[in-house]
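Worksheet: one structure, shown below.
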Amino acid sequence: MNTVLENQVQTLIEFIYELAPEVQVEQANVIYEDEHANLDVYPPLTWSEDECLELQHRIAEQTVDVLVDSGYFILAYVYTPEQQIELAQYKLTQVQQQWESANRVLNKAAALGLFHGTAPALA
């Protein structure tokens, strides 16, 4: 990412925090189509869907201004509490599957005498 784009992203993040200091903003690792950057915005779980939509609209207005002023297409998506819960459940399932796979490898290695520790427990 070039410096001008990084500055635009940082300025947008600061704008989001000015609107809602209690949110969490993360720069997404995946870029689709013609976007230059993507931001994921996580409001507190106590927010209503209407509050999330209002924040989404305010951010969208700002991203349009950034596009017009700089030519950078930066998207920001506000996750509702329900979406955050679904995402957390999905991530937990992925981690559990990865843990089970790693544990199988360590158990096989232990049975072959290649691993002398114990596999960590999943909490």
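A note on labels: chains of the structure tokens are A, B, ... as shown, every chain counts residues from 1, and ligands are counted from 1 in their shown order.
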List the neighbours of range 11-25 of chain A out to 9 Å using only C-alpha atoms; skip same-chain residues closer than 4 positions along the sequence, and give me the result as an MDAnalysis selection string. chainID A and resid 6:7 39:44 55 58:59 62:63 66 74
Write the residues you've just listed into a file as a CSV table (one decimal), in the first residue's frame, and include C-alpha atoms for each of them.
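Below is the file out.csv, written as the result:
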chain,number,residue,atom,x,y,z
A,6,GLU,CA,-2.2,4.6,3.9
A,7,ASN,CA,-2.9,8.2,4.9
A,39,LEU,CA,-12.2,-1.8,6.8
A,40,ASP,CA,-14.3,-3.9,9.1
A,41,VAL,CA,-16.0,-2.0,11.9
A,42,TYR,CA,-17.3,-3.8,15.0
A,43,PRO,CA,-19.6,-1.7,17.2
A,44,PRO,CA,-20.3,-2.9,20.8
A,55,LEU,CA,-22.9,4.5,11.4
A,58,ARG,CA,-22.1,8.2,7.8
A,59,ILE,CA,-19.0,6.2,6.9
A,62,GLN,CA,-17.1,9.8,4.0
A,63,THR,CA,-15.8,7.1,1.7
A,66,VAL,CA,-12.5,10.1,-0.3
A,74,ILE,CA,-12.1,2.4,0.4
Which neighbours of range 83-89 of chain A fall inside 10 Å, counting only C-alpha atoms, when residues of the same chain fewer than 3 positions from it are skipped, and could you give them as a ChimeraX atom specification? /A:42-45,78-80,92-95
Writer output for current selection, N, CA, C and O atoms, as a PDB file, in the first residue's frame:
ATOM      1  N   TYR A  42     -16.531  -2.956  14.050  1.00  0.00           N
ATOM      2  CA  TYR A  42     -17.264  -3.758  15.023  1.00  0.00           C
ATOM      3  C   TYR A  42     -17.755  -2.878  16.168  1.00  0.00           C
ATOM      4  O   TYR A  42     -17.007  -2.559  17.080  1.00  0.00           O
ATOM      5  N   PRO A  43     -19.038  -2.492  16.134  1.00  0.00           N
ATOM      6  CA  PRO A  43     -19.606  -1.736  17.241  1.00  0.00           C
ATOM      7  C   PRO A  43     -19.793  -2.637  18.467  1.00  0.00           C
ATOM      8  O   PRO A  43     -19.757  -3.872  18.347  1.00  0.00           O
ATOM      9  N   PRO A  44     -20.031  -2.042  19.622  1.00  0.00           N
ATOM     10  CA  PRO A  44     -20.334  -2.865  20.803  1.00  0.00           C
ATOM     11  C   PRO A  44     -21.560  -3.748  20.551  1.00  0.00           C
ATOM     12  O   PRO A  44     -22.452  -3.382  19.785  1.00  0.00           O
ATOM     13  N   LEU A  45     -21.594  -4.879  21.211  1.00  0.00           N
ATOM     14  CA  LEU A  45     -22.707  -5.810  21.033  1.00  0.00           C
ATOM     15  C   LEU A  45     -24.029  -5.236  21.542  1.00  0.00           C
ATOM     16  O   LEU A  45     -25.091  -5.768  21.237  1.00  0.00           O
ATOM     17  N   VAL A  78     -19.857  -2.203   8.509  1.00  0.00           N
ATOM     18  CA  VAL A  78     -20.208  -2.218   9.925  1.00  0.00           C
ATOM     19  C   VAL A  78     -20.957  -3.517  10.219  1.00  0.00           C
ATOM     20  O   VAL A  78     -22.019  -3.772   9.638  1.00  0.00           O
ATOM     21  N   TYR A  79     -20.399  -4.330  11.101  1.00  0.00           N
ATOM     22  CA  TYR A  79     -21.007  -5.599  11.480  1.00  0.00           C
ATOM     23  C   TYR A  79     -22.011  -5.383  12.604  1.00  0.00           C
ATOM     24  O   TYR A  79     -21.678  -4.807  13.640  1.00  0.00           O
ATOM     25  N   THR A  80     -23.236  -5.856  12.406  1.00  0.00           N
ATOM     26  CA  THR A  80     -24.233  -5.788  13.464  1.00  0.00           C
ATOM     27  C   THR A  80     -23.847  -6.778  14.563  1.00  0.00           C
ATOM     28  O   THR A  80     -23.048  -7.699  14.329  1.00  0.00           O
ATOM     29  N   LEU A  92     -14.571 -19.791  15.855  1.00  0.00           N
ATOM     30  CA  LEU A  92     -14.358 -20.792  16.894  1.00  0.00           C
ATOM     31  C   LEU A  92     -14.381 -22.196  16.301  1.00  0.00           C
ATOM     32  O   LEU A  92     -13.549 -23.036  16.637  1.00  0.00           O
ATOM     33  N   THR A  93     -15.311 -22.452  15.393  1.00  0.00           N
ATOM     34  CA  THR A  93     -15.369 -23.759  14.728  1.00  0.00           C
ATOM     35  C   THR A  93     -14.091 -24.026  13.949  1.00  0.00           C
ATOM     36  O   THR A  93     -13.542 -25.128  14.002  1.00  0.00           O
ATOM     37  N   GLN A  94     -13.584 -23.002  13.249  1.00  0.00           N
ATOM     38  CA  GLN A  94     -12.337 -23.162  12.500  1.00  0.00           C
ATOM     39  C   GLN A  94     -11.173 -23.492  13.433  1.00  0.00           C
ATOM     40  O   GLN A  94     -10.367 -24.371  13.141  1.00  0.00           O
ATOM     41  N   VAL A  95     -11.080 -22.781  14.537  1.00  0.00           N
ATOM     42  CA  VAL A  95      -9.993 -23.007  15.496  1.00  0.00           C
ATOM     43  C   VAL A  95     -10.090 -24.412  16.080  1.00  0.00           C
ATOM     44  O   VAL A  95      -9.074 -25.101  16.229  1.00  0.00           O
TER      45      VAL A  95
END
Can you list, as a count of residues only, all residues belonging to chain A that DSSP tags as strand (DSSP E or B)? 15
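If you count only C-alpha atoms and ignore residues fewer than 6 places along the chain from Ser70 in chain A, what sits within 10 Å of it is Val4, Leu5, Gln8 and Val64 of chain A.
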Could you write out the selected residues, including C-alpha atoms, as a JSON list (two decimals), in the first residue's frame?
[["chain", "number", "residue", "atom", "x", "y", "z"],
["A", 4, "VAL", "CA", -0.99, 8.38, 0.17],
["A", 5, "LEU", "CA", -3.42, 5.47, 0.40],
["A", 8, "GLN", "CA", -6.36, 8.10, 3.44],
["A", 64, "VAL", "CA", -17.57, 8.71, -1.25]]
Name all residues at most 12 Å from Asn29 in chain A (count only C-alpha atoms; drop same-chain ones fewer than 3 positions away) and give them as a PyMOL selection string. chain A and resi 1+26+32+35-40
Output file for the residues above (N, CA, C and O atoms, as a PDB file, in the first residue's frame):
ATOM      1  N   MET A   1       0.855  -1.168   0.000  1.00  0.00           N
ATOM      2  CA  MET A   1       0.000   0.000   0.000  1.00  0.00           C
ATOM      3  C   MET A   1       0.902   1.231   0.000  1.00  0.00           C
ATOM      4  O   MET A   1       1.863   1.303   0.757  1.00  0.00           O
ATOM      5  N   GLU A  26     -10.792  -2.675  12.052  1.00  0.00           N
ATOM      6  CA  GLU A  26      -9.689  -3.506  11.575  1.00  0.00           C
ATOM      7  C   GLU A  26      -9.587  -3.372  10.063  1.00  0.00           C
ATOM      8  O   GLU A  26     -10.599  -3.354   9.368  1.00  0.00           O
ATOM      9  N   TYR A  32     -11.211  -6.913  -2.768  1.00  0.00           N
ATOM     10  CA  TYR A  32     -11.982  -7.419  -3.896  1.00  0.00           C
ATOM     11  C   TYR A  32     -12.020  -6.385  -5.016  1.00  0.00           C
ATOM     12  O   TYR A  32     -11.990  -5.189  -4.773  1.00  0.00           O
ATOM     13  N   GLU A  35     -11.425  -2.214  -5.198  1.00  0.00           N
ATOM     14  CA  GLU A  35     -11.168  -1.499  -3.955  1.00  0.00           C
ATOM     15  C   GLU A  35      -9.667  -1.357  -3.727  1.00  0.00           C
ATOM     16  O   GLU A  35      -8.882  -2.188  -4.147  1.00  0.00           O
ATOM     17  N   HIS A  36      -9.343  -0.293  -3.027  1.00  0.00           N
ATOM     18  CA  HIS A  36      -7.955  -0.089  -2.624  1.00  0.00           C
ATOM     19  C   HIS A  36      -7.715  -0.563  -1.202  1.00  0.00           C
ATOM     20  O   HIS A  36      -6.601  -0.913  -0.837  1.00  0.00           O
ATOM     21  N   ALA A  37      -8.772  -0.558  -0.378  1.00  0.00           N
ATOM     22  CA  ALA A  37      -8.686  -1.023   1.002  1.00  0.00           C
ATOM     23  C   ALA A  37     -10.089  -1.323   1.512  1.00  0.00           C
ATOM     24  O   ALA A  37     -11.068  -0.776   1.010  1.00  0.00           O
ATOM     25  N   ASN A  38     -10.156  -2.194   2.494  1.00  0.00           N
ATOM     26  CA  ASN A  38     -11.412  -2.542   3.149  1.00  0.00           C
ATOM     27  C   ASN A  38     -11.231  -2.453   4.653  1.00  0.00           C
ATOM     28  O   ASN A  38     -10.209  -2.898   5.191  1.00  0.00           O
ATOM     29  N   LEU A  39     -12.227  -1.900   5.315  1.00  0.00           N
ATOM     30  CA  LEU A  39     -12.211  -1.807   6.766  1.00  0.00           C
ATOM     31  C   LEU A  39     -13.405  -2.567   7.328  1.00  0.00           C
ATOM     32  O   LEU A  39     -14.506  -2.494   6.776  1.00  0.00           O
ATOM     33  N   ASP A  40     -13.180  -3.278   8.416  1.00  0.00           N
ATOM     34  CA  ASP A  40     -14.254  -3.936   9.147  1.00  0.00           C
ATOM     35  C   ASP A  40     -14.459  -3.161  10.439  1.00  0.00           C
ATOM     36  O   ASP A  40     -13.506  -2.894  11.178  1.00  0.00           O
TER      37      ASP A  40
END
Within 12 Å of range 109-121 of chain A, counting only C-alpha atoms, which residues show up once you throw out same-chain ones fewer than 6 positions away? Write them as a PDB file with N, CA, C and O atoms, in the first residue's frame, please.
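Wrote it out as result-v4.pdb, contents follow:
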ATOM      1  N   GLN A  96     -11.305 -24.848  16.397  1.00  0.00           N
ATOM      2  CA  GLN A  96     -11.477 -26.193  16.934  1.00  0.00           C
ATOM      3  C   GLN A  96     -11.014 -27.247  15.935  1.00  0.00           C
ATOM      4  O   GLN A  96     -10.341 -28.218  16.299  1.00  0.00           O
ATOM      5  N   TRP A  99      -7.241 -27.186  15.810  1.00  0.00           N
ATOM      6  CA  TRP A  99      -6.688 -27.784  17.019  1.00  0.00           C
ATOM      7  C   TRP A  99      -6.760 -29.306  16.923  1.00  0.00           C
ATOM      8  O   TRP A  99      -5.787 -30.002  17.237  1.00  0.00           O
ATOM      9  N   GLU A 100      -7.907 -29.825  16.486  1.00  0.00           N
ATOM     10  CA  GLU A 100      -8.062 -31.270  16.366  1.00  0.00           C
ATOM     11  C   GLU A 100      -7.052 -31.850  15.377  1.00  0.00           C
ATOM     12  O   GLU A 100      -6.453 -32.899  15.623  1.00  0.00           O
ATOM     13  N   SER A 101      -6.837 -31.181  14.262  1.00  0.00           N
ATOM     14  CA  SER A 101      -5.873 -31.632  13.267  1.00  0.00           C
ATOM     15  C   SER A 101      -4.455 -31.620  13.838  1.00  0.00           C
ATOM     16  O   SER A 101      -3.707 -32.589  13.681  1.00  0.00           O
ATOM     17  N   ALA A 102      -4.088 -30.532  14.496  1.00  0.00           N
ATOM     18  CA  ALA A 102      -2.753 -30.443  15.088  1.00  0.00           C
ATOM     19  C   ALA A 102      -2.577 -31.492  16.178  1.00  0.00           C
ATOM     20  O   ALA A 102      -1.507 -32.109  16.299  1.00  0.00           O
ATOM     21  N   ASN A 103      -3.600 -31.730  16.956  1.00  0.00           N
ATOM     22  CA  ASN A 103      -3.536 -32.716  18.031  1.00  0.00           C
ATOM     23  C   ASN A 103      -3.333 -34.121  17.475  1.00  0.00           C
ATOM     24  O   ASN A 103      -2.569 -34.917  18.030  1.00  0.00           O
TER      25      ASN A 103
END
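Coordinates place CA of Ala28 in chain A at a distance of 19.7 Å from CA of Glu61 in chain A.
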How would you write, as number ranges by chain, the set of residues in range 2-115 of chain A that DSSP gives as alpha helix (DSSP H)? A: 3-19, 49-70, 81-111
